[in-house]
Structure formats: structure tokens, C-alpha cells
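Chemist: Below you'll find protein_39.pdb; it's PDB, C-alpha atoms and all ligand atoms.
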ATOM      1  CA  MET I   1       0.000   0.000   0.000
ATOM      2  CA  VAL I   2      -0.898   2.865  -0.066
ATOM      3  CA  VAL I   3      -1.844   6.336  -1.135
ATOM      4  CA  VAL I   4      -5.320   7.500  -0.379
ATOM      5  CA  VAL I   5      -6.924  10.402  -2.155
ATOM      6  CA  ASP I   6      -9.588  11.556   0.210
ATOM      7  CA  THR I   7     -11.935  13.908  -1.547
ATOM      8  CA  VAL I   8     -14.034  14.879   1.459
ATOM      9  CA  SER I   9     -12.649  17.467   3.843
ATOM     10  CA  ALA I  10     -12.458  16.763   7.548
ATOM     11  CA  THR I  11     -14.840  18.335  10.068
ATOM     12  CA  PRO I  12     -12.771  18.987  13.200
ATOM     13  CA  LEU I  13     -15.689  20.192  15.365
ATOM     14  CA  ARG I  14     -16.641  16.827  16.802
ATOM     15  CA  PRO I  15     -14.487  14.108  18.296
ATOM     16  CA  ARG I  16     -13.048  11.642  15.862
ATOM     17  CA  HIS I  17     -14.375   8.668  17.820
ATOM     18  CA  PRO I  18     -17.350   9.878  19.882
ATOM     19  CA  GLU I  19     -18.203   6.277  20.724
ATOM     20  CA  LYS I  20     -14.742   5.666  22.166
ATOM     21  CA  VAL I  21     -13.998   8.849  24.150
ATOM     22  CA  ASN I  22     -15.358   7.522  27.441
ATOM     23  CA  ARG I  23     -13.655   4.176  27.206
ATOM     24  CA  PRO I  24     -10.862   3.454  29.661
ATOM     25  CA  ASP I  25      -7.390   3.539  28.162
ATOM     26  CA  ALA I  26      -6.192   0.172  26.862
ATOM     27  CA  PHE I  27      -2.479  -0.446  27.206
ATOM     28  CA  SER I  28      -0.479  -2.537  24.743
ATOM     29  CA  PRO I  29       2.907  -4.082  25.469
ATOM     30  CA  PRO I  30       5.942  -2.270  24.024
ATOM     31  CA  LYS I  31       6.677  -3.037  20.386
ATOM     32  CA  PRO I  32       9.270  -5.732  19.783
ATOM     33  CA  ASP I  33      12.249  -5.082  17.488
ATOM     34  CA  TRP I  34      10.699  -6.844  14.505
ATOM     35  CA  ILE I  35       7.787  -4.410  14.363
ATOM     36  CA  ARG I  36       9.810  -1.176  14.185
ATOM     37  CA  VAL I  37       9.871   0.414  10.752
ATOM     38  CA  ARG I  38      11.599   3.286   9.043
ATOM     39  CA  ALA I  39      10.078   6.716   9.651
ATOM     40  CA  PRO I  40       8.066   8.070   6.723
ATOM     41  CA  ASN I  41      10.176  11.114   5.911
ATOM     42  CA  THR I  42      10.498  10.769   2.162
ATOM     43  CA  ARG I  43       9.459  13.160  -0.569
ATOM     44  CA  GLY I  44       6.583  10.917  -1.587
ATOM     45  CA  TYR I  45       5.208  11.118   1.915
ATOM     46  CA  ALA I  46       5.325  14.901   1.961
ATOM     47  CA  ASP I  47       3.539  15.170  -1.384
ATOM     48  CA  LEU I  48       0.378  13.263  -0.668
ATOM     49  CA  VAL I  49      -2.722  13.435   1.490
ATOM     50  CA  THR I  50      -3.727  10.156   2.999
ATOM     51  CA  VAL I  51      -5.605   8.134   5.536
ATOM     52  CA  CYS I  52      -2.580   5.836   5.810
ATOM     53  CA  GLU I  53      -1.421   8.029   8.693
ATOM     54  CA  GLU I  54      -4.832   7.788  10.325
ATOM     55  CA  ALA I  55      -4.776   4.036  10.017
ATOM     56  CA  GLY I  56      -1.222   4.025  11.404
ATOM     57  CA  CYS I  57      -0.065   1.791   8.557
ATOM     58  CA  PRO I  58       3.523   0.680   9.249
ATOM     59  CA  ASN I  59       4.419   0.496   5.539
ATOM     60  CA  ILE I  60       3.614   4.096   4.782
ATOM     61  CA  GLY I  61       7.202   5.199   4.061
ATOM     62  CA  GLU I  62       7.854   2.428   1.571
ATOM     63  CA  CYS I  63       4.530   2.754  -0.236
ATOM     64  CA  TRP I  64       4.719   6.464  -0.628
ATOM     65  CA  ASP I  65       8.174   6.193  -2.105
ATOM     66  CA  LYS I  66       6.773   3.902  -4.766
ATOM     67  CA  LYS I  67       3.538   5.863  -5.206
ATOM     68  CA  HIS I  68       1.498   2.731  -4.901
ATOM     69  CA  ALA I  69      -2.051   3.964  -4.824
ATOM     70  CA  THR I  70      -5.105   3.188  -2.808
ATOM     71  CA  PHE I  71      -8.051   5.530  -3.284
ATOM     72  CA  MET I  72     -10.607   5.837  -0.528
ATOM     73  CA  ILE I  73     -13.991   6.760  -1.924
ATOM     74  CA  MET I  74     -17.293   7.846  -0.348
ATOM     75  CA  GLY I  75     -15.760  10.133   2.260
ATOM     76  CA  ASP I  76     -13.702   9.904   5.422
ATOM     77  CA  THR I  77     -16.474   9.179   7.913
ATOM     78  CA  CYS I  78     -17.642   5.649   8.633
ATOM     79  CA  THR I  79     -20.997   4.483   9.960
ATOM     80  CA  ARG I  80     -19.289   1.647  11.861
ATOM     81  CA  ALA I  81     -16.936   1.838  14.835
ATOM     82  CA  CYS I  82     -14.589  -1.130  14.681
ATOM     83  CA  ALA I  83     -12.394  -1.370  17.770
ATOM     84  CA  PHE I  84      -9.138  -1.559  15.780
ATOM     85  CA  CYS I  85      -9.820   1.180  13.236
ATOM     86  CA  ASN I  86      -8.830   4.825  13.386
ATOM     87  CA  VAL I  87     -11.133   6.026  10.615
ATOM     88  CA  LYS I  88     -13.528   8.668  11.904
ATOM     89  CA  THR I  89     -16.984   7.467  13.028
ATOM     90  CA  GLY I  90     -20.157   9.468  12.428
ATOM     91  CA  MET I  91     -22.839  10.306   9.898
ATOM     92  CA  PRO I  92     -21.165  10.728   6.495
ATOM     93  CA  GLY I  93     -22.057  13.450   3.994
ATOM     94  CA  ALA I  94     -23.750  12.978   0.623
ATOM     95  CA  LEU I  95     -21.887  11.134  -2.102
ATOM     96  CA  ASP I  96     -19.882  13.197  -4.577
ATOM     97  CA  GLY I  97     -21.277  12.269  -7.979
ATOM     98  CA  LEU I  98     -18.084  13.443  -9.698
ATOM     99  CA  GLU I  99     -15.831  11.293  -7.565
ATOM    100  CA  PRO I 100     -15.703   8.286  -9.953
ATOM    101  CA  GLU I 101     -14.430  10.571 -12.728
ATOM    102  CA  HIS I 102     -11.935  12.249 -10.408
ATOM    103  CA  VAL I 103     -10.519   8.881  -9.347
ATOM    104  CA  ALA I 104     -10.208   7.870 -13.009
ATOM    105  CA  GLU I 105      -8.455  11.145 -13.852
ATOM    106  CA  ALA I 106      -5.991  10.679 -11.003
ATOM    107  CA  THR I 107      -5.322   7.089 -12.091
ATOM    108  CA  LEU I 108      -4.498   8.354 -15.557
ATOM    109  CA  LYS I 109      -2.297  11.205 -14.326
ATOM    110  CA  LEU I 110      -0.362   8.970 -11.937
ATOM    111  CA  GLY I 111       0.015   6.345 -14.662
ATOM    112  CA  LEU I 112      -1.009   3.541 -12.342
ATOM    113  CA  ALA I 113      -0.730  -0.030 -13.547
ATOM    114  CA  HIS I 114      -2.728  -1.320 -10.586
ATOM    115  CA  ILE I 115      -5.070   0.577  -8.330
ATOM    116  CA  VAL I 116      -6.804  -0.307  -5.078
ATOM    117  CA  ILE I 117     -10.136   1.326  -4.293
ATOM    118  CA  THR I 118     -11.496   1.132  -0.793
ATOM    119  CA  SER I 119     -14.152   2.946   1.196
ATOM    120  CA  VAL I 120     -15.619   3.544   4.577
ATOM    121  CA  ASP I 121     -18.739   1.594   5.464
ATOM    122  CA  ARG I 122     -21.866   3.400   4.289
ATOM    123  CA  ASP I 123     -24.760   1.781   6.151
ATOM    124  CA  ASP I 124     -26.647   5.059   5.599
ATOM    125  CA  LEU I 125     -26.981   4.459   1.845
ATOM    126  CA  ALA I 126     -29.719   2.193   0.476
ATOM    127  CA  ASP I 127     -27.188   0.174  -1.529
ATOM    128  CA  GLY I 128     -24.243   0.621   0.850
ATOM    129  CA  GLY I 129     -22.425   2.531  -1.906
ATOM    130  CA  ALA I 130     -22.410  -0.384  -4.362
ATOM    131  CA  GLU I 131     -23.390   1.700  -7.380
ATOM    132  CA  HIS I 132     -20.695   4.260  -6.520
ATOM    133  CA  PHE I 133     -18.095   1.483  -6.439
ATOM    134  CA  ALA I 134     -19.379   0.212  -9.793
ATOM    135  CA  GLN I 135     -19.303   3.689 -11.351
ATOM    136  CA  THR I 136     -15.735   4.185 -10.145
ATOM    137  CA  ILE I 137     -14.621   0.883 -11.668
ATOM    138  CA  ARG I 138     -16.311   1.739 -14.976
ATOM    139  CA  ALA I 139     -14.811   5.254 -15.044
ATOM    140  CA  ILE I 140     -11.294   3.850 -14.552
ATOM    141  CA  ARG I 141     -11.845   1.172 -17.212
ATOM    142  CA  ALA I 142     -13.001   3.836 -19.676
ATOM    143  CA  ARG I 143      -9.947   6.050 -19.181
ATOM    144  CA  CYS I 144      -7.294   3.520 -18.258
ATOM    145  CA  PRO I 145      -8.184   0.218 -19.932
ATOM    146  CA  THR I 146      -4.888  -1.437 -19.034
ATOM    147  CA  THR I 147      -4.982  -0.531 -15.344
ATOM    148  CA  THR I 148      -5.919  -3.504 -13.193
ATOM    149  CA  ILE I 149      -8.442  -2.760 -10.470
ATOM    150  CA  GLU I 150      -8.600  -4.150  -6.970
ATOM    151  CA  ILE I 151     -11.436  -3.229  -4.628
ATOM    152  CA  LEU I 152     -11.474  -3.548  -0.863
ATOM    153  CA  THR I 153     -15.125  -3.340   0.082
ATOM    154  CA  PRO I 154     -17.371  -3.075   3.115
ATOM    155  CA  ASP I 155     -19.586  -6.066   3.856
ATOM    156  CA  PHE I 156     -22.855  -4.692   2.342
ATOM    157  CA  LEU I 157     -24.691  -6.221   5.298
ATOM    158  CA  ARG I 158     -28.495  -5.982   4.846
ATOM    159  CA  LYS I 159     -28.054  -4.408   1.377
ATOM    160  CA  ALA I 160     -29.820  -6.870  -0.896
ATOM    161  CA  GLY I 161     -28.510  -6.845  -4.460
ATOM    162  CA  ALA I 162     -25.543  -4.576  -3.651
ATOM    163  CA  LEU I 163     -22.830  -7.163  -4.110
ATOM    164  CA  GLU I 164     -24.146  -8.152  -7.535
ATOM    165  CA  VAL I 165     -23.916  -4.519  -8.693
ATOM    166  CA  VAL I 166     -20.242  -4.334  -7.721
ATOM    167  CA  VAL I 167     -19.283  -7.729  -9.143
ATOM    168  CA  THR I 168     -20.994  -6.961 -12.445
ATOM    169  CA  ALA I 169     -18.614  -3.994 -12.869
ATOM    170  CA  LYS I 170     -15.858  -6.631 -12.991
ATOM    171  CA  PRO I 171     -12.978  -5.622 -10.754
ATOM    172  CA  ASP I 172      -9.880  -7.784 -11.231
ATOM    173  CA  VAL I 173      -9.510  -8.468  -7.503
ATOM    174  CA  PHE I 174     -12.305  -8.414  -4.925
ATOM    175  CA  ASN I 175     -10.955  -8.015  -1.405
ATOM    176  CA  HIS I 176     -13.031  -8.079   1.728
ATOM    177  CA  ASN I 177     -11.250  -8.512   5.032
ATOM    178  CA  LEU I 178     -12.571 -10.761   7.788
ATOM    179  CA  GLU I 179     -10.225  -8.820  10.120
ATOM    180  CA  THR I 180     -10.306 -11.370  12.974
ATOM    181  CA  VAL I 181     -11.565 -14.786  14.064
ATOM    182  CA  PRO I 182     -15.299 -15.212  14.749
ATOM    183  CA  SER I 183     -14.961 -15.406  18.555
ATOM    184  CA  ARG I 184     -13.479 -11.868  18.593
ATOM    185  CA  TYR I 185     -16.143 -10.240  16.390
ATOM    186  CA  LEU I 186     -18.294  -8.840  19.169
ATOM    187  CA  ASN I 187     -15.349  -6.918  20.605
ATOM    188  CA  VAL I 188     -13.371  -6.164  17.473
ATOM    189  CA  ARG I 189     -15.858  -5.795  14.624
ATOM    190  CA  PRO I 190     -19.193  -5.349  16.385
ATOM    191  CA  GLY I 191     -21.238  -4.121  13.417
ATOM    192  CA  ALA I 192     -20.294  -7.079  11.232
ATOM    193  CA  ARG I 193     -21.214 -10.760  11.033
ATOM    194  CA  TYR I 194     -18.481 -13.298  10.385
ATOM    195  CA  PHE I 195     -20.445 -15.727   8.244
ATOM    196  CA  HIS I 196     -22.011 -12.941   6.239
ATOM    197  CA  SER I 197     -18.499 -11.801   5.285
ATOM    198  CA  VAL I 198     -17.414 -15.333   4.359
ATOM    199  CA  ARG I 199     -20.562 -15.754   2.283
ATOM    200  CA  LEU I 200     -19.967 -12.400   0.567
ATOM    201  CA  LEU I 201     -16.613 -13.657  -0.704
ATOM    202  CA  GLN I 202     -18.129 -16.959  -1.745
ATOM    203  CA  ARG I 203     -20.872 -15.169  -3.730
ATOM    204  CA  VAL I 204     -18.288 -13.158  -5.664
ATOM    205  CA  LYS I 205     -16.792 -16.397  -6.977
ATOM    206  CA  GLU I 206     -20.210 -17.881  -7.701
ATOM    207  CA  ILE I 207     -21.214 -14.853  -9.761
ATOM    208  CA  ASP I 208     -17.912 -14.454 -11.599
ATOM    209  CA  PRO I 209     -15.241 -17.149 -11.152
ATOM    210  CA  THR I 210     -12.701 -15.094 -13.134
ATOM    211  CA  ILE I 211     -12.419 -12.486 -10.366
ATOM    212  CA  PHE I 212      -9.636 -13.101  -7.851
ATOM    213  CA  THR I 213     -10.881 -13.008  -4.262
ATOM    214  CA  LYS I 214      -8.811 -11.938  -1.316
ATOM    215  CA  SER I 215      -9.270 -11.588   2.428
ATOM    216  CA  GLY I 216      -7.192 -10.848   5.464
ATOM    217  CA  ILE I 217      -7.043 -10.993   9.220
ATOM    218  CA  MET I 218      -4.981  -9.305  11.897
ATOM    219  CA  VAL I 219      -3.425 -11.334  14.675
ATOM    220  CA  GLY I 220      -2.622 -10.143  18.175
ATOM    221  CA  LEU I 221      -6.251  -9.435  19.038
ATOM    222  CA  GLY I 222      -6.679 -12.341  21.446
ATOM    223  CA  GLU I 223      -7.294 -15.102  18.899
ATOM    224  CA  GLU I 224      -6.103 -18.708  19.313
ATOM    225  CA  ARG I 225      -4.024 -20.506  16.702
ATOM    226  CA  HIS I 226      -6.712 -23.120  16.038
ATOM    227  CA  GLU I 227      -9.152 -20.282  15.314
ATOM    228  CA  VAL I 228      -6.820 -18.839  12.691
ATOM    229  CA  LEU I 229      -6.608 -22.264  11.053
ATOM    230  CA  GLN I 230     -10.420 -22.467  11.076
ATOM    231  CA  VAL I 231     -10.625 -19.077   9.338
ATOM    232  CA  MET I 232      -8.321 -20.455   6.653
ATOM    233  CA  ASP I 233     -10.660 -23.427   6.167
ATOM    234  CA  ASP I 234     -13.708 -21.158   6.016
ATOM    235  CA  LEU I 235     -12.049 -18.985   3.385
ATOM    236  CA  ARG I 236     -11.020 -21.984   1.329
ATOM    237  CA  SER I 237     -14.610 -23.246   1.508
ATOM    238  CA  ALA I 238     -15.558 -19.899  -0.019
ATOM    239  CA  ASP I 239     -12.904 -20.451  -2.717
ATOM    240  CA  VAL I 240     -10.879 -17.405  -1.693
ATOM    241  CA  ASP I 241      -7.575 -17.151  -3.580
ATOM    242  CA  PHE I 242      -5.388 -14.867  -1.525
ATOM    243  CA  LEU I 243      -4.950 -14.648   2.244
ATOM    244  CA  THR I 244      -3.167 -11.870   4.143
ATOM    245  CA  ILE I 245      -2.238 -12.107   7.833
ATOM    246  CA  GLY I 246      -0.599  -9.186   9.644
ATOM    247  CA  GLN I 247       0.057  -7.989  13.175
ATOM    248  CA  TYR I 248      -2.577  -5.717  14.731
ATOM    249  CA  LEU I 249      -1.157  -2.404  15.960
ATOM    250  CA  GLN I 250      -3.103  -0.158  18.295
ATOM    251  CA  PRO I 251      -3.837   3.312  16.803
ATOM    252  CA  THR I 252      -4.639   5.001  20.161
ATOM    253  CA  ARG I 253      -5.231   3.958  23.773
ATOM    254  CA  LYS I 254      -8.966   4.151  23.142
ATOM    255  CA  HIS I 255      -8.666   1.311  20.643
ATOM    256  CA  HIS I 256      -8.408  -2.408  21.295
ATOM    257  CA  ALA I 257      -5.141  -3.318  23.040
ATOM    258  CA  VAL I 258      -2.543  -5.462  21.339
ATOM    259  CA  MET I 259      -2.893  -8.720  23.236
ATOM    260  CA  ARG I 260       0.276 -10.185  21.797
ATOM    261  CA  TYR I 261       2.996  -9.498  19.249
ATOM    262  CA  VAL I 262       3.136 -12.627  17.138
ATOM    263  CA  PRO I 263       6.767 -13.489  16.318
ATOM    264  CA  PRO I 264       7.880 -13.750  12.679
ATOM    265  CA  ASP I 265       8.366 -17.535  12.802
ATOM    266  CA  GLU I 266       4.708 -18.005  13.757
ATOM    267  CA  PHE I 267       3.722 -15.981  10.707
ATOM    268  CA  LEU I 268       5.917 -18.253   8.610
ATOM    269  CA  GLY I 269       4.119 -21.241  10.107
ATOM    270  CA  TYR I 270       0.737 -19.722   9.204
ATOM    271  CA  GLU I 271       1.950 -19.101   5.668
ATOM    272  CA  LYS I 272       3.063 -22.701   5.217
ATOM    273  CA  VAL I 273      -0.209 -24.114   6.574
ATOM    274  CA  ALA I 274      -2.259 -21.739   4.404
ATOM    275  CA  TYR I 275      -0.475 -22.892   1.250
ATOM    276  CA  THR I 276      -1.160 -26.500   2.147
ATOM    277  CA  LYS I 277      -4.831 -25.603   2.460
ATOM    278  CA  GLY I 278      -4.845 -24.474  -1.155
ATOM    279  CA  PHE I 279      -4.616 -20.680  -1.296
ATOM    280  CA  LEU I 280      -3.112 -19.415  -4.538
ATOM    281  CA  MET I 281      -1.210 -16.789  -2.578
ATOM    282  CA  VAL I 282      -0.488 -16.058   1.055
ATOM    283  CA  SER I 283       1.185 -13.073   2.643
ATOM    284  CA  ALA I 284       1.786 -13.517   6.369
ATOM    285  CA  SER I 285       4.251 -11.368   8.283
ATOM    286  CA  PRO I 286       4.174  -8.806  11.084
ATOM    287  CA  LEU I 287       3.988  -5.921   8.602
ATOM    288  CA  THR I 288       1.668  -7.523   6.050
ATOM    289  CA  ARG I 289      -1.152  -5.144   5.226
ATOM    290  CA  SER I 290      -4.139  -5.757   3.020
ATOM    291  CA  SER I 291      -3.115  -3.595   0.063
ATOM    292  CA  HIS I 292       0.645  -3.611   0.508
ATOM    293  CA  HIS I 293       2.416  -4.631  -2.743
ATOM    294  CA  ALA I 294      -1.017  -5.111  -4.313
ATOM    295  CA  GLY I 295       0.256  -4.509  -7.847
ATOM    296  CA  ASP I 296       3.104  -7.034  -7.587
ATOM    297  CA  ASP I 297       0.791  -9.483  -5.869
ATOM    298  CA  PHE I 298      -1.726  -9.262  -8.693
ATOM    299  CA  ALA I 299       0.909 -10.350 -11.203
ATOM    300  CA  ARG I 300       1.843 -13.275  -8.949
ATOM    301  CA  LEU I 301      -1.811 -14.237  -8.518
ATOM    302  CA  LYS I 302      -2.297 -14.377 -12.281
ATOM    303  CA  ALA I 303       0.844 -16.466 -12.670
ATOM    304  CA  ALA I 304      -0.264 -18.857  -9.914
ATOM    305  CA  ARG I 305      -3.672 -19.364 -11.519
ATOM    306  CA  ALA I 306      -2.105 -19.886 -14.951
ATOM    307  CA  ALA I 307       0.285 -22.475 -13.494
ATOM    308  CA  ILE I 308      -2.619 -24.441 -12.010
ATOM    309  CA  SER I 309      -4.866 -24.296 -15.060
ATOM    310  CA  GLY I 310      -2.044 -24.742 -17.578
TER     311      GLY I 310
HETATM  312  S1  LIG I 401     -16.032  -0.532   8.699
HETATM  313 FE1  LIG I 401     -13.912  -0.255   7.957
HETATM  314  S2  LIG I 401     -13.554   1.970   7.957
HETATM  315 FE2  LIG I 401     -15.385   1.586   9.192
HETATM  316  S3  LIG I 401     -14.690   1.454  11.299
HETATM  317 FE3  LIG I 401     -14.732  -0.654  10.525
HETATM  318  S4  LIG I 401     -12.672  -1.009   9.651
HETATM  319 FE4  LIG I 401     -12.881   1.223   9.957
END
Step by step, read the file and then write its structure as C-alpha cells.

Modeler:
Amino acid sequence: MVVVVDTVSATPLRPRHPEKVNRPDAFSPPKPDWIRVRAPNTRGYADLVTVCEEAGCPNIGECWDKKHATFMIMGDTCTRACAFCNVKTGMPGALDGLEPEHVAEATLKLGLAHIVITSVDRDDLADGGAEHFAQTIRAIRARCPTTTIEILTPDFLRKAGALEVVVTAKPDVFNHNLETVPSRYLNVRPGARYFHSVRLLQRVKEIDPTIFTKSGIMVGLGEERHEVLQVMDDLRSADVDFLTIGQYLQPTRKHHAVMRYVPPDEFLGYEKVAYTKGFLMVSASPLTRSSHHAGDDFARLKAARAAISG
């Protein structure tokens, strides 16, 4: 990852996380050596406006150097309040009808070979923002036909027909993150439903088997190893191609504490097991993030599929 072009200006008058301000502070253990990363002080970093900082992404320096791009559409305010996430919570503004064209223009100007489009959760919209996602994909296709498109979507919970609208616009990669194991959902991802998210990914493949599907979890949120292995099985049952596993890092003391820093060799173990379970690609390391290296990964995904079918 990740460069985010955020086309909605911030409103500093209310707290960023009104639902979290009265929570007691949660303390995480000090970061181990393997989690420390280079400070983002490069020219690329200074040039661009992003939510990468807000999310506290540890790869920000590297991504900005490379100008890898992730566009966040539909504003900077989310209708959910996940315990790990530093995106602002509140009632979002109206959609910007010109945004799909603006994203396409920026893709063209930056000369991107691969783009990731993500969004906040828009429970306030009748279709959860599905048509806006579809319009953005179509606008990029029209202007940049060789650019490959990866989307990282919300779960479209209780939005009948929304997923079909997005899939019909034919992104190259459909990513939806499970974020954690089912037993941690109530605390970590309270507005979501684990099996709905698994089913969402499965439906993508049912509707269009040519689309690569991708999902990820964070570890260090209190999960057990056997639960991570179960998530792998659930994702394989849904025919998901690509699994990412990274270390959870706490954005502020009002967010979920890091329960444990998982050492690099455990990530390696997860990666090996995941490959044996049949994923086309696996990225598991302390600093793995959902859209990190997305362009390179897409090329590897295509090669892995070709090797299997050829
Ligand atoms: S739905 Fe996504 S953007 Fe919204 S709070 Fe949860 S993780 Fe953050």
C-alpha cells in the first residue's frame, strides 16, 4: 500500500471517535524489534494526502516512495466503529457524484498499472455505496483500460442486491477482510457478522469465477491458533484465492489493546499451513497489510492461476 486520495474534507468540530472517548485507556505491550519500521520522511510522503497516517499503517514510508495507490472513496467518515480502526466514526455526507471521474483522472495522471479502491462503510446508503463502487470501476476502465483494479469493500450487510452490482462492474480483484476470528467479532468488529463476510466472498466467486478473491485478518487481538486455522478453512470453503495475515497495531489507547505481538516464525508457520490448504497466494508477516504490494501481488496471482490451469 498505499496512497489515499480523500476527496471529502475533515470536520474537526466533533471528536473523531465519539463512541470511544469515554472508554478506559487500553495499554499494549511495548513493540518488539521486529515491528519497528523506518520513519516516513520521504518526498513521496510529503507530497500526498492520505488516511494511511490515520490508520497508522507501518508500511507508509515504503509505499509512498513507490507511489502505490489506494483511493478511498465515499468520504472519510464511517458508519461503523470497529475497535481496531482509526477512521472517523459518524454520519457521512452525501456522495460526490463526480468522484468516480476524479478517481479515473488521477489514475491516468499517476500512470497507475494497478489501483486499489477502498471505502468507509456506508450503512446510511440504500445500496451501501455499491453503485458508486461500480461507477468508479467503470470510469477507470473507460480512461485507463490497461490498469488492473482491486477493490477492498465493506460487507454490504443488509443491502440486498448490492454485491451483484459491484461484481458486475468486474474488478480484477475483490478483497473483503474478515479482520479477525469469529470469537473476537463482538469486541473487534461489532457491526459485522463473520459468516455474512465469508458468504460475501463466496458469492463473488459464484457470480464471476474469473475475479480473484482476497481476504485478510490481523493477529494479536486475542485469537487462538486453532481459530486462525479455522478461518483459513472457512475462506477456502468460499474459494478465496489470496490470504493476508498481519500484526494488529493499536492506533490510540482508546482502541483495542494489542494482546500479543506474534513473532515472525509463527507468521511463517501460518503461511506454510495456508499454502497446504490451497490458497493461490499467502502473505503472512508482522507488517503484512491488506493492500501492501497489491500490484506485484496481482501479477503473482495471475501467474499462480495460470500455473494451475495450464
Ligand atoms: S467498517 Fe472499515 S472503515 Fe469503518 S470502522 Fe470498521 S474497519 Fe474502519

Chemist: List the residues selected by the PyMOL selection byres (((chain I and resi 119-129) around 6) and not hetatm) in the file shown, writing them as a ChimeraX atom specification.

Modeler: /I:72-73,78-79,118,130-132,154,156,159,162

Chemist: As a ChimeraX atom specification, please: the residues near Leu178 (chain I) (cut-off 9 Å, all atoms listed in the file, same-chain neighbours under 6 positions excluded).

Modeler: /I:194,197-198,215-218,231

Chemist: Within 9 Å of ligand LIG 401 (chain I), which residues of chain I show up? Give each one with its shortest atom-to-atom distance in Å (one decimal) and the two atoms involved, counting only C-alpha atoms and all ligand atoms, rows by chain then rising residue number, as CSV.

Modeler:
residue,atom,partner,partner_atom,distance
I:Ala55,CA,I:LIG401,FE4,8.6
I:Asp76,CA,I:LIG401,S2,8.3
I:Thr77,CA,I:LIG401,FE2,7.8
I:Cys78,CA,I:LIG401,FE2,4.7
I:Thr79,CA,I:LIG401,FE2,6.4
I:Arg80,CA,I:LIG401,S3,4.6
I:Ala81,CA,I:LIG401,S3,4.2
I:Cys82,CA,I:LIG401,FE3,4.2
I:Ala83,CA,I:LIG401,S3,7.4
I:Phe84,CA,I:LIG401,S4,7.1
I:Cys85,CA,I:LIG401,FE4,4.5
I:Asn86,CA,I:LIG401,FE4,6.4
I:Val87,CA,I:LIG401,FE4,5.2
I:Lys88,CA,I:LIG401,S3,7.3
I:Thr89,CA,I:LIG401,S3,6.7
I:Ser119,CA,I:LIG401,S2,6.9
I:Val120,CA,I:LIG401,S2,4.3
I:Asp121,CA,I:LIG401,S1,4.7
I:Arg122,CA,I:LIG401,S1,8.3
I:Thr153,CA,I:LIG401,FE1,8.5
I:Pro154,CA,I:LIG401,S1,6.3
I:Asp155,CA,I:LIG401,S1,8.2
I:Asn177,CA,I:LIG401,S4,8.9
I:Glu179,CA,I:LIG401,S4,8.2
I:Val188,CA,I:LIG401,FE3,9.0
I:Arg189,CA,I:LIG401,FE3,6.7
I:Pro190,CA,I:LIG401,FE3,8.7
I:Gly191,CA,I:LIG401,S1,7.9
I:Ala192,CA,I:LIG401,S1,8.2

Chemist: Could you write out as a list in words the residues that the PyMOL selection byres (((chain I and resi 95) around 8) and not hetatm) matches in the shown file?

Modeler: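 This file gives the following for the PyMOL selection byres (((chain I and resi 95) around 8) and not hetatm): Met74, Gly75, Gly93, Ala94, Asp96 and Gly97 of chain I.
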
Chemist: In Å, how far is it from CA of Thr244 (chain I) to CA of Ser291 (chain I)?

Modeler: 9.2 Å

Chemist: For CA of Pro29 (chain I) and CA of Val258 (chain I), quote the distance in Å rounded to one decimal.

Modeler: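 Here the two named atoms are 7.0 Å from each other.
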
Chemist: Would you work out the distance separating CA of Ala304 (chain I) from CA of Leu280 (chain I), expressed in Å to one decimal?

Modeler: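 Pair CA of Ala304 (chain I) / CA of Leu280 (chain I) returns 6.1 Å.
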
Chemist: Given the file above and the PyMOL selection byres (((chain I and resi 263-268) around 6) and not hetatm), which residues are selected, and can you give them as a PyMOL selection string?

Modeler: chain I and resi 262+269-271+284-285

Chemist: Hey, what's within 12 Å of Glu227 (chain I) if we count all atoms listed in the file and toss same-chain stuff fewer than 4 positions away? As a list of chain:residue names, please?

Modeler: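 Residues near the query, excluding close chain neighbours: I:Thr180, I:Val181, I:Pro182, I:Ser183, I:Arg184, I:Ile217, I:Val219, I:Leu221, I:Gly222, I:Glu223, I:Val231, I:Met232, I:Asp233, I:Asp234, I:Tyr270.
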
Chemist: Give me the residues within 7 Å of Asp172 (chain I) as a ChimeraX atom specification, counting all atoms listed in the file and dropping any in the same chain fewer than 5 places off.

Modeler: /I:148-150,211-212

Chemist: Of the residues I:Gln247, I:Val204, I:Gly278, I:Ile151, which is the one nearest to Ile308 (chain I), using all atoms listed in the file?

Modeler: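 Of all the options, I:Gly278 lies closest to Ile308 (chain I).
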